[in-house]
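Raw contents of structure15.cif, mmCIF, C-alpha atoms and all ligand atoms:
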data_coords
#
loop_
_atom_site.group_PDB
_atom_site.id
_atom_site.type_symbol
_atom_site.label_atom_id
_atom_site.label_comp_id
_atom_site.auth_asym_id
_atom_site.auth_seq_id
_atom_site.Cartn_x
_atom_site.Cartn_y
_atom_site.Cartn_z
ATOM 1 C CA HIS A 607 120.601 129.329 117.083
ATOM 2 C CA PHE A 608 123.108 126.778 118.228
ATOM 3 C CA SER A 609 120.498 124.053 118.327
ATOM 4 C CA ILE A 610 119.354 124.927 114.824
ATOM 5 C CA LEU A 611 122.904 124.534 113.617
ATOM 6 C CA LYS A 612 123.119 121.250 115.424
ATOM 7 C CA CYS A 613 119.886 119.995 113.914
ATOM 8 C CA SER A 614 120.808 120.819 110.344
ATOM 9 C CA LEU A 615 124.150 119.194 110.979
ATOM 10 C CA SER A 616 122.528 115.997 112.199
ATOM 11 C CA ALA A 617 120.120 116.096 109.264
ATOM 12 C CA VAL A 618 123.097 116.124 106.927
ATOM 13 C CA LEU A 619 124.717 113.296 108.886
ATOM 14 C CA VAL A 620 121.556 111.211 108.728
ATOM 15 C CA LEU A 621 121.351 111.620 104.982
ATOM 16 C CA SER A 622 124.958 110.748 104.377
ATOM 17 C CA ALA A 623 125.090 107.815 106.767
ATOM 18 C CA GLN A 624 121.726 106.355 105.775
ATOM 19 C CA LEU A 625 119.973 106.442 109.095
ATOM 20 C CA PHE A 626 122.573 104.791 111.284
ATOM 21 C CA VAL A 627 123.820 107.895 112.943
ATOM 22 C CA SER A 628 123.332 108.854 116.549
ATOM 23 C CA ILE A 629 122.413 112.323 117.628
ATOM 24 C CA PRO A 630 124.246 113.660 120.678
ATOM 25 C CA GLY A 631 123.588 111.583 123.765
ATOM 26 C CA LYS A 632 121.901 108.330 122.868
ATOM 27 C CA PRO A 633 122.614 105.947 120.043
ATOM 28 C CA LEU A 634 119.767 105.701 117.594
ATOM 29 C CA PRO A 635 118.349 102.179 117.431
ATOM 30 C CA LYS A 636 118.839 100.526 114.093
ATOM 31 C CA LEU A 637 116.036 101.389 111.725
ATOM 32 C CA SER A 638 114.122 99.396 109.233
ATOM 33 C CA PRO A 639 110.595 100.024 107.967
ATOM 34 C CA LEU A 640 107.966 98.215 110.009
ATOM 35 C CA PRO A 641 106.243 95.140 108.615
ATOM 36 C CA GLU A 642 103.107 96.182 106.795
ATOM 37 C CA GLU A 643 100.600 94.674 109.250
ATOM 38 C CA GLU A 644 102.219 96.420 112.187
ATOM 39 C CA ASN A 645 102.133 99.753 110.516
ATOM 40 C CA ARG A 646 98.702 99.591 108.923
ATOM 41 C CA ILE A 647 97.027 101.519 111.719
ATOM 42 C CA LEU A 648 99.254 104.555 111.037
ATOM 43 C CA VAL A 649 99.409 104.776 107.269
ATOM 44 C CA PRO A 650 97.143 107.212 105.410
ATOM 45 C CA GLU A 651 96.157 104.558 102.872
ATOM 46 C CA SER A 652 94.251 102.756 105.621
ATOM 47 C CA TYR A 653 91.685 105.567 105.888
ATOM 48 C CA HIS A 654 89.610 107.802 103.687
ATOM 49 C CA TYR A 655 88.153 111.269 103.988
ATOM 50 C CA ILE A 656 84.525 111.699 104.899
ATOM 51 C CA ILE A 657 84.830 115.476 104.836
ATOM 52 C CA ASN A 658 87.820 117.184 103.238
ATOM 53 C CA GLN A 659 89.032 120.619 102.158
ATOM 54 C CA PRO A 660 91.333 119.788 99.277
ATOM 55 C CA ASP A 661 91.336 123.290 97.756
ATOM 56 C CA VAL A 662 91.898 125.664 100.679
ATOM 57 C CA CYS A 663 95.586 126.142 99.886
ATOM 58 C CA ARG A 664 95.268 126.003 96.115
ATOM 59 C CA ASP A 665 95.247 129.730 95.430
ATOM 60 C CA ARG A 666 97.096 131.073 98.410
ATOM 61 C CA ILE A 667 100.216 130.595 100.475
ATOM 62 C CA PRO A 668 99.169 130.662 104.111
ATOM 63 C CA PHE A 669 101.861 131.859 106.464
ATOM 64 C CA LEU A 670 100.498 129.730 109.299
ATOM 65 C CA VAL A 671 97.949 126.910 109.283
ATOM 66 C CA PHE A 672 96.357 126.026 112.608
ATOM 67 C CA MET A 673 95.466 122.350 112.715
ATOM 68 C CA VAL A 674 93.134 121.748 115.644
ATOM 69 C CA PRO A 675 92.379 118.150 116.634
ATOM 70 C CA VAL A 676 88.835 117.991 117.990
ATOM 71 C CA SER A 677 86.197 115.368 118.507
ATOM 72 C CA PRO A 678 83.054 115.611 116.354
ATOM 73 C CA GLN A 679 81.004 116.649 119.392
ATOM 74 C CA GLU A 680 83.100 119.710 120.275
ATOM 75 C CA THR A 681 80.915 122.148 118.358
ATOM 76 C CA SER A 682 81.171 125.044 120.768
ATOM 77 C CA ALA A 683 84.969 124.818 120.973
ATOM 78 C CA ARG A 684 85.093 125.140 117.186
ATOM 79 C CA GLU A 685 82.670 128.034 117.182
ATOM 80 C CA THR A 686 84.691 129.911 119.748
ATOM 81 C CA ILE A 687 88.005 129.320 118.015
ATOM 82 C CA ARG A 688 86.514 130.668 114.763
ATOM 83 C CA ARG A 689 85.588 133.844 116.592
ATOM 84 C CA THR A 690 88.900 134.232 118.465
ATOM 85 C CA TRP A 691 92.486 133.316 117.569
ATOM 86 C CA GLY A 692 91.392 130.973 114.784
ATOM 87 C CA ALA A 693 89.449 133.571 112.812
ATOM 88 C CA PRO A 694 90.601 133.431 109.188
ATOM 89 C CA SER A 695 93.058 136.228 108.378
ATOM 90 C CA GLN A 696 95.589 137.368 105.835
ATOM 91 C CA ASP A 697 98.276 135.219 107.455
ATOM 92 C CA THR A 698 96.377 132.307 108.952
ATOM 93 C CA LEU A 699 94.037 129.484 108.114
ATOM 94 C CA THR A 700 92.348 127.233 110.670
ATOM 95 C CA MET A 701 91.278 123.635 110.080
ATOM 96 C CA PHE A 702 89.540 121.260 112.481
ATOM 97 C CA TYR A 703 90.543 117.631 112.315
ATOM 98 C CA MET A 704 88.544 114.661 113.548
ATOM 99 C CA GLY A 705 87.706 111.010 113.185
ATOM 100 C CA LEU A 706 84.404 109.195 113.553
ATOM 101 C CA PRO A 707 82.287 109.789 116.657
ATOM 102 C CA MET A 708 82.708 107.154 119.354
ATOM 103 C CA GLY A 709 79.840 104.758 119.846
ATOM 104 C CA GLY A 710 79.218 103.703 116.286
ATOM 105 C CA HIS A 711 77.209 105.375 113.572
ATOM 106 C CA LEU A 712 75.504 108.481 114.902
ATOM 107 C CA PRO A 713 73.611 110.084 112.042
ATOM 108 C CA SER A 714 72.536 113.170 113.980
ATOM 109 C CA ILE A 715 76.094 114.197 114.863
ATOM 110 C CA GLN A 716 77.191 113.535 111.316
ATOM 111 C CA ASP A 717 74.353 115.634 109.872
ATOM 112 C CA GLN A 718 75.231 118.521 112.159
ATOM 113 C CA LEU A 719 78.858 118.299 111.124
ATOM 114 C CA GLU A 720 77.998 118.454 107.464
ATOM 115 C CA ASP A 721 75.816 121.502 108.115
ATOM 116 C CA GLU A 722 78.577 123.160 110.070
ATOM 117 C CA ASN A 723 80.985 122.407 107.287
ATOM 118 C CA ARG A 724 78.687 123.903 104.636
ATOM 119 C CA LYS A 725 78.822 127.150 106.592
ATOM 120 C CA HIS A 726 82.515 127.262 107.385
ATOM 121 C CA ALA A 727 84.344 124.827 105.087
ATOM 122 C CA ASP A 728 86.988 124.162 107.719
ATOM 123 C CA ILE A 729 86.312 120.574 108.822
ATOM 124 C CA ILE A 730 88.368 117.556 107.869
ATOM 125 C CA GLN A 731 87.133 114.137 108.909
ATOM 126 C CA MET A 732 88.617 110.725 108.340
ATOM 127 C CA ASN A 733 87.138 107.324 109.059
ATOM 128 C CA PHE A 734 89.221 106.252 112.053
ATOM 129 C CA GLN A 735 87.656 105.965 115.477
ATOM 130 C CA ASP A 736 88.048 109.287 117.313
ATOM 131 C CA SER A 737 89.367 108.256 120.730
ATOM 132 C CA TYR A 738 92.065 109.302 123.142
ATOM 133 C CA GLN A 739 94.148 106.213 122.338
ATOM 134 C CA ASN A 740 93.931 107.111 118.661
ATOM 135 C CA LEU A 741 95.408 110.603 118.972
ATOM 136 C CA THR A 742 98.614 109.428 117.337
ATOM 137 C CA ILE A 743 96.624 108.424 114.259
ATOM 138 C CA LYS A 744 95.012 111.872 114.282
ATOM 139 C CA THR A 745 98.332 113.680 114.494
ATOM 140 C CA LEU A 746 99.854 111.652 111.696
ATOM 141 C CA MET A 747 96.824 112.184 109.479
ATOM 142 C CA ILE A 748 97.149 115.912 110.186
ATOM 143 C CA MET A 749 100.754 115.729 108.986
ATOM 144 C CA ASN A 750 99.684 113.797 105.915
ATOM 145 C CA TRP A 751 96.924 116.303 105.137
ATOM 146 C CA LEU A 752 99.348 119.232 105.364
ATOM 147 C CA ALA A 753 101.878 117.516 103.130
ATOM 148 C CA THR A 754 99.194 116.597 100.594
ATOM 149 C CA TYR A 755 96.908 119.623 100.481
ATOM 150 C CA CYS A 756 98.920 122.505 101.882
ATOM 151 C CA PRO A 757 102.595 121.901 101.144
ATOM 152 C CA ASN A 758 103.114 125.561 100.229
ATOM 153 C CA ALA A 759 102.282 126.866 103.714
ATOM 154 C CA VAL A 760 105.199 128.412 105.587
ATOM 155 C CA PHE A 761 104.383 127.151 109.090
ATOM 156 C CA ALA A 762 101.783 124.945 110.730
ATOM 157 C CA MET A 763 100.728 124.611 114.329
ATOM 158 C CA LYS A 764 99.111 121.619 115.936
ATOM 159 C CA VAL A 765 97.114 123.103 118.748
ATOM 160 C CA ASP A 766 94.485 121.708 121.093
ATOM 161 C CA ALA A 767 91.015 123.215 121.300
ATOM 162 C CA ASP A 768 91.381 124.374 124.925
ATOM 163 C CA ILE A 769 94.347 126.636 124.274
ATOM 164 C CA PHE A 770 94.534 130.403 124.270
ATOM 165 C CA VAL A 771 96.832 131.344 121.368
ATOM 166 C CA ASN A 772 98.406 134.780 121.293
ATOM 167 C CA VAL A 773 98.305 134.801 117.518
ATOM 168 C CA PHE A 774 99.744 138.341 117.296
ATOM 169 C CA TYR A 775 102.945 137.477 119.131
ATOM 170 C CA LEU A 776 103.143 134.076 117.468
ATOM 171 C CA ILE A 777 103.103 135.546 113.952
ATOM 172 C CA LYS A 778 105.676 138.159 114.913
ATOM 173 C CA TRP A 779 107.870 135.461 116.442
ATOM 174 C CA LEU A 780 107.596 133.211 113.403
ATOM 175 C CA LYS A 781 108.567 135.966 110.964
ATOM 176 C CA GLY A 782 112.071 135.610 112.378
ATOM 177 C CA SER A 783 112.133 131.787 112.642
ATOM 178 C CA PRO A 784 113.823 129.249 110.334
ATOM 179 C CA ARG A 785 111.550 128.028 107.545
ATOM 180 C CA GLN A 786 113.010 124.564 107.254
ATOM 181 C CA SER A 787 113.764 121.652 109.583
ATOM 182 C CA PHE A 788 112.202 123.649 112.373
ATOM 183 C CA ILE A 789 109.903 122.600 115.199
ATOM 184 C CA THR A 790 109.327 124.497 118.403
ATOM 185 C CA GLY A 791 107.148 124.211 121.479
ATOM 186 C CA SER A 792 107.537 123.258 125.082
ATOM 187 C CA VAL A 793 110.498 120.896 124.775
ATOM 188 C CA ILE A 794 110.642 117.923 127.130
ATOM 189 C CA ASN A 795 114.161 116.548 127.361
ATOM 190 C CA ASP A 796 113.880 114.056 130.191
ATOM 191 C CA GLY A 797 110.703 112.107 129.414
ATOM 192 C CA ARG A 798 110.447 108.457 130.442
ATOM 193 C CA PRO A 799 107.827 105.808 129.753
ATOM 194 C CA ARG A 800 105.432 105.046 132.627
ATOM 195 C CA ARG A 801 105.515 101.339 133.341
ATOM 196 C CA ASP A 802 102.589 101.389 135.740
ATOM 197 C CA SER A 803 99.709 99.833 133.817
ATOM 198 C CA ASN A 804 97.133 101.990 135.639
ATOM 199 C CA SER A 805 98.632 105.204 134.328
ATOM 200 C CA LYS A 806 96.881 107.179 131.619
ATOM 201 C CA TRP A 807 100.309 107.395 129.976
ATOM 202 C CA TYR A 808 101.205 103.709 130.308
ATOM 203 C CA VAL A 809 103.587 102.344 127.700
ATOM 204 C CA SER A 810 104.533 98.677 127.808
ATOM 205 C CA GLU A 811 108.101 97.474 127.319
ATOM 206 C CA GLU A 812 106.911 95.607 124.310
ATOM 207 C CA GLN A 813 105.623 98.803 122.700
ATOM 208 C CA TYR A 814 108.683 100.806 123.664
ATOM 209 C CA PRO A 815 111.670 98.987 125.183
ATOM 210 C CA GLU A 816 113.983 101.952 125.798
ATOM 211 C CA ASP A 817 113.800 103.610 129.210
ATOM 212 C CA THR A 818 113.944 107.227 128.095
ATOM 213 C CA PHE A 819 112.193 109.247 125.406
ATOM 214 C CA PRO A 820 114.111 111.401 122.966
ATOM 215 C CA PRO A 821 113.401 115.164 123.209
ATOM 216 C CA TYR A 822 109.850 116.010 122.136
ATOM 217 C CA VAL A 823 107.479 118.945 122.189
ATOM 218 C CA SER A 824 104.473 118.843 124.452
ATOM 219 C CA GLY A 825 101.347 118.040 122.441
ATOM 220 C CA ALA A 826 99.159 120.943 123.602
ATOM 221 C CA GLY A 827 100.632 123.282 121.024
ATOM 222 C CA TYR A 828 103.672 123.146 118.786
ATOM 223 C CA VAL A 829 104.735 124.910 115.612
ATOM 224 C CA PHE A 830 106.769 123.604 112.707
ATOM 225 C CA SER A 831 107.986 124.607 109.292
ATOM 226 C CA ALA A 832 105.704 123.070 106.672
ATOM 227 C CA ASP A 833 108.401 120.738 105.316
ATOM 228 C CA MET A 834 108.289 118.833 108.603
ATOM 229 C CA ALA A 835 104.766 117.528 107.949
ATOM 230 C CA GLY A 836 105.814 115.277 105.070
ATOM 231 C CA ARG A 837 109.033 114.308 106.775
ATOM 232 C CA ILE A 838 107.299 113.250 109.990
ATOM 233 C CA SER A 839 104.786 111.318 107.911
ATOM 234 C CA TRP A 840 107.647 109.554 106.162
ATOM 235 C CA ALA A 841 109.557 108.814 109.360
ATOM 236 C CA SER A 842 106.481 107.212 110.920
ATOM 237 C CA ARG A 843 106.987 104.196 108.658
ATOM 238 C CA PHE A 844 109.902 103.260 110.918
ATOM 239 C CA ILE A 845 108.209 103.805 114.255
ATOM 240 C CA ARG A 846 105.731 101.612 115.975
ATOM 241 C CA MET A 847 102.510 103.209 117.184
ATOM 242 C CA ILE A 848 102.395 104.363 120.781
ATOM 243 C CA SER A 849 99.385 106.313 121.910
ATOM 244 C CA LEU A 850 101.385 109.265 123.305
ATOM 245 C CA GLU A 851 101.172 111.391 120.209
ATOM 246 C CA ASP A 852 103.726 113.994 121.239
ATOM 247 C CA VAL A 853 106.305 111.379 122.175
ATOM 248 C CA TYR A 854 105.568 109.663 118.892
ATOM 249 C CA VAL A 855 106.390 112.845 116.977
ATOM 250 C CA GLY A 856 109.614 113.055 119.034
ATOM 251 C CA LEU A 857 110.528 109.544 117.896
ATOM 252 C CA CYS A 858 109.998 110.639 114.296
ATOM 253 C CA LEU A 859 112.193 113.696 114.888
ATOM 254 C CA ARG A 860 114.972 111.450 116.122
ATOM 255 C CA VAL A 861 114.796 109.439 112.913
ATOM 256 C CA LEU A 862 115.021 112.693 110.973
ATOM 257 C CA GLY A 863 117.851 114.068 113.096
ATOM 258 C CA VAL A 864 115.837 117.206 113.848
ATOM 259 C CA GLN A 865 116.091 118.643 117.345
ATOM 260 C CA PRO A 866 113.039 120.434 118.712
ATOM 261 C CA VAL A 867 113.912 124.029 119.598
ATOM 262 C CA TYR A 868 113.008 126.040 122.662
ATOM 263 C CA SER A 869 111.428 129.436 122.073
ATOM 264 C CA ILE A 870 112.690 131.788 124.725
ATOM 265 C CA SER A 871 111.912 135.473 124.994
ATOM 266 C CA LEU A 872 114.610 137.947 125.874
ATOM 267 C CA PRO A 873 115.535 139.268 128.347
ATOM 268 C CA THR A 874 113.424 137.152 130.717
ATOM 269 C CA LEU A 875 114.446 133.760 129.217
ATOM 270 C CA ARG A 876 110.831 132.757 129.560
ATOM 271 C CA ASN A 877 109.696 129.611 127.709
ATOM 272 C CA LEU A 878 107.092 131.061 125.357
ATOM 273 C CA PHE A 879 105.294 127.728 124.987
ATOM 274 C CA GLU A 880 105.278 126.765 128.632
ATOM 275 C CA ILE A 881 102.139 124.756 129.322
ATOM 276 C CA ARG A 882 100.474 126.490 132.206
ATOM 277 C CA ASN A 883 97.049 127.130 133.485
ATOM 278 C CA LEU A 884 97.106 130.874 134.184
ATOM 279 C CA GLU A 885 94.374 133.248 135.225
ATOM 280 C CA TYR A 886 93.722 135.655 132.365
ATOM 281 C CA ASN A 887 95.681 138.879 132.588
ATOM 282 C CA ARG A 888 96.051 141.032 129.510
ATOM 283 C CA CYS A 889 99.673 142.045 129.950
ATOM 284 C CA THR A 890 100.925 138.676 131.202
ATOM 285 C CA PHE A 891 99.304 136.987 128.230
ATOM 286 C CA ALA A 892 100.802 139.563 125.847
ATOM 287 C CA LYS A 893 104.242 138.077 126.572
ATOM 288 C CA LEU A 894 103.260 134.415 126.085
ATOM 289 C CA ILE A 895 102.297 132.393 123.028
ATOM 290 C CA ILE A 896 100.029 129.704 124.498
ATOM 291 C CA VAL A 897 98.141 129.194 127.735
ATOM 292 C CA ASN A 898 96.059 126.097 128.380
ATOM 293 C CA GLY A 899 92.871 125.257 130.228
ATOM 294 C CA PHE A 900 90.448 127.470 128.277
ATOM 295 C CA LYS A 901 86.862 126.336 128.024
ATOM 296 C CA PRO A 902 84.983 128.018 125.151
ATOM 297 C CA SER A 903 83.225 130.635 127.305
ATOM 298 C CA LYS A 904 86.429 131.579 129.103
ATOM 299 C CA LEU A 905 88.303 131.848 125.808
ATOM 300 C CA GLN A 906 85.608 134.045 124.286
ATOM 301 C CA HIS A 907 85.644 136.312 127.296
ATOM 302 C CA ALA A 908 89.428 136.658 127.540
ATOM 303 C CA TRP A 909 89.731 137.229 123.806
ATOM 304 C CA GLN A 910 87.275 140.108 123.811
ATOM 305 C CA ASP A 911 89.606 142.002 126.096
ATOM 306 C CA PHE A 912 92.874 140.739 124.649
ATOM 307 C CA SER A 913 92.255 141.413 120.960
ATOM 308 C CA LYS A 914 91.562 145.071 121.663
ATOM 309 C CA GLY A 915 93.955 145.721 124.524
ATOM 310 C CA HIS A 916 97.133 143.708 124.001
ATOM 311 C CA THR A 917 98.998 146.469 122.154
ATOM 312 C CA SER A 918 98.713 148.794 125.147
ATOM 313 C CA CYS A 919 100.905 146.593 127.389
HETATM 314 C C1 LIG B 1 91.536 103.355 116.623
HETATM 315 O O1 LIG B 1 91.036 103.452 115.298
HETATM 316 C C2 LIG B 1 90.997 102.236 114.597
HETATM 317 C C3 LIG B 1 90.563 102.556 113.188
HETATM 318 O O2 LIG B 1 89.284 103.131 113.173
HETATM 319 C C4 LIG B 1 90.053 101.264 115.302
HETATM 320 O O3 LIG B 1 90.094 100.014 114.653
HETATM 321 C C5 LIG B 1 90.497 101.113 116.751
HETATM 322 O O4 LIG B 1 89.536 100.346 117.441
HETATM 323 C C6 LIG B 1 90.626 102.463 117.422
HETATM 324 N N1 LIG B 1 91.165 102.266 118.759
HETATM 325 C C7 LIG B 1 90.617 102.826 119.829
HETATM 326 C C8 LIG B 1 91.220 102.450 121.129
HETATM 327 O O5 LIG B 1 89.693 103.606 119.769
#
Give the structure from this file in structure tokens form.
Amino acid sequence: HFSILKCSLSAVLVLSAQLFVSIPGKPLPKLSPLPEEENRILVPESYHYIINQPDVCRDRIPFLVFMVPVSPQETSARETIRRTWGAPSQDTLTMFYMGLPMGGHLPSIQDQLEDENRKHADIIQMNFQDSYQNLTIKTLMIMNWLATYCPNAVFAMKVDADIFVNVFYLIKWLKGSPRQSFITGSVINDGRPRRDSNSKWYVSEEQYPEDTFPPYVSGAGYVFSADMAGRISWASRFIRMISLEDVYVGLCLRVLGVQPVYSISLPTLRNLFEIRNLEYNRCTFAKLIIVNGFKPSKLQHAWQDFSKGHTSC
């Protein structure tokens, strides 16, 4: 709880000192909103919805909204998630978020999507190009969607489609978590930009001149109080696009003076969001919140056992 105290303290400092305050460690670079042309690629006004679900949160207050970034083609991942941890429930709601299929206008994929959406009403699509380099756009549009259409939710989770989510433990864990200024996941405190232009994670000095990243949560799966969606969206007006979406969110958190929080289980001090590729084991998984590397068939299979058996561990 110390870090929570610290983060609300820095939030107060940021407000009172008008964004010129440093959080412990590094000084915060001076902030001014980006020139409009530079920021256009990241602002919601640059895009429009092709498929949207504007009413899903109108008559209910979801405790947790899963926002799953997917590409239009990942039909079987969506199907499996709907049948496993993402199945609609009293507490949870699951939405799939995507851009336009790569390779131009593909009417057959689009027709299938619209069909799928008529059945499930859980697809949100915007007209940006759905590519790996555009994941930051996707994440920010997810934040904007939450702030616009589901501001009454208690928590939201951005979670990749290849993740096993122990939704039972997660909900239990969140019932005792702060409901404001809160973001948790696998916290990376010592990230640095890769300057090797062949790297998948290359960031040029022009894009990001500093030589370290502020603390951020690994992008595979992180959870936040719903207020953070609008605040991250707002903070993005100060931060230049880099294609590492999780680092980008970390840069927004620094502007907001919010420290990402570790979730550690007692008494083992295990990082509940550790990103690992683990062989399925019912009782190991019962003590974790996310595990990565799950293809649809593997997820379906593990879930069949887990959903029935996890309480017996
Ligand atoms: C990202 O999306 C924008 C908007 O659709 C597009 O102009 C740009 O080419 C995309 N970039 C990549 C690398 O896909």
Show me, as a Markdown table, the residues of chain A having an atom within 6 Å of ligand LIG 1 (chain B), each with the closest atom pair and its distance in Å, using all atoms listed in the file.
| residue | atom | partner | partner_atom | distance |
| --- | --- | --- | --- | --- |
| A:Phe734 | CA | B:LIG1 | O2 | 3.3 |
| A:Gln735 | CA | B:LIG1 | O2 | 4.0 |
| A:Ser737 | CA | B:LIG1 | O5 | 4.8 |
| A:Gln739 | CA | B:LIG1 | C8 | 4.9 |
| A:Asn740 | CA | B:LIG1 | C1 | 4.9 |
Proximity of range 750-842 of chain A to range 900-916 of chain A: per-residue shortest pair, 10 Å limit, all atoms listed in the file, as a Markdown table:
| residue | atom | partner | partner_atom | distance |
| --- | --- | --- | --- | --- |
| A:Ala767 | CA | A:Phe900 | CA | 8.2 |
| A:Asp768 | CA | A:Phe900 | CA | 4.7 |
| A:Ile769 | CA | A:Phe900 | CA | 5.6 |
| A:Phe770 | CA | A:Phe900 | CA | 6.4 |
| A:Val771 | CA | A:Trp909 | CA | 9.5 |
| A:Asn772 | CA | A:Phe912 | CA | 8.8 |
| A:Val773 | CA | A:Ser913 | CA | 9.6 |
| A:Phe774 | CA | A:Ser913 | CA | 8.9 |
| A:Tyr775 | CA | A:His916 | CA | 9.8 |
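Among the candidate residues A:Phe844, A:Tyr868, A:Phe672, A:Tyr655, the one lying nearest to Pro639 in chain A is A:Phe844, with distances computed using only C-alpha atoms.
Each of A:Asn645, A:Asn804, A:Ser831, A:Thr917 was compared to Thr790 in chain A using all atoms listed in the file, and A:Ser831 turns out to be the nearest.
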Return as a PDB file with C-alpha atoms, in the frame of the given file the set of residues that the PyMOL selection byres (((chain A and resi 877) around 12) and not hetatm) yields on the displayed structure.
ATOM      1  CA  THR A 790     109.327 124.497 118.403  1.00  0.00           C
ATOM      2  CA  GLY A 791     107.148 124.211 121.479  1.00  0.00           C
ATOM      3  CA  SER A 792     107.537 123.258 125.082  1.00  0.00           C
ATOM      4  CA  VAL A 793     110.498 120.896 124.775  1.00  0.00           C
ATOM      5  CA  ILE A 794     110.642 117.923 127.130  1.00  0.00           C
ATOM      6  CA  VAL A 867     113.912 124.029 119.598  1.00  0.00           C
ATOM      7  CA  TYR A 868     113.008 126.040 122.662  1.00  0.00           C
ATOM      8  CA  SER A 869     111.428 129.436 122.073  1.00  0.00           C
ATOM      9  CA  ILE A 870     112.690 131.788 124.725  1.00  0.00           C
ATOM     10  CA  SER A 871     111.912 135.473 124.994  1.00  0.00           C
ATOM     11  CA  LEU A 872     114.610 137.947 125.874  1.00  0.00           C
ATOM     12  CA  PRO A 873     115.535 139.268 128.347  1.00  0.00           C
ATOM     13  CA  THR A 874     113.424 137.152 130.717  1.00  0.00           C
ATOM     14  CA  LEU A 875     114.446 133.760 129.217  1.00  0.00           C
ATOM     15  CA  ARG A 876     110.831 132.757 129.560  1.00  0.00           C
ATOM     16  CA  LEU A 878     107.092 131.061 125.357  1.00  0.00           C
ATOM     17  CA  PHE A 879     105.294 127.728 124.987  1.00  0.00           C
ATOM     18  CA  GLU A 880     105.278 126.765 128.632  1.00  0.00           C
ATOM     19  CA  ILE A 881     102.139 124.756 129.322  1.00  0.00           C
ATOM     20  CA  ARG A 882     100.474 126.490 132.206  1.00  0.00           C
ATOM     21  CA  LYS A 893     104.242 138.077 126.572  1.00  0.00           C
ATOM     22  CA  LEU A 894     103.260 134.415 126.085  1.00  0.00           C
ATOM     23  CA  ILE A 895     102.297 132.393 123.028  1.00  0.00           C
ATOM     24  CA  ILE A 896     100.029 129.704 124.498  1.00  0.00           C
ATOM     25  CA  VAL A 897      98.141 129.194 127.735  1.00  0.00           C
TER      26      VAL A 897
END
What is the distance, in Å and to one decimal place, between CA of Leu719 in chain A and CA of Trp751 in chain A? 19.1 Å
Selection as a PyMOL selection string: residues within 10 Å of (104.0, 110.0, 121.7), counting all atoms listed in the file: chain A and resi 741-742+745+799+807+809+819+822-825+847-858
Nearby residues, (90.8, 128.1, 117.6) file frame, 9 Å, all atoms listed in the file, as a count of residues only: 24
Given 6 Å of margin on each side, can you work out the centre and size in Å (one decimal) of an axis-aligned box holding every listed atom of range 851-866 of chain A, as JSON?
{"center_x": 109.5, "center_y": 114.9, "center_z": 116.6, "size_x": 28.7, "size_y": 23.0, "size_z": 23.2}
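Under the PyMOL selection byres (((chain A and resi 653) around 8) and not hetatm), the matching residues in the shown file are Val649, Pro650, Glu651, Ser652, His654, Tyr655, Met732, Asn733 and Phe734 of chain A.
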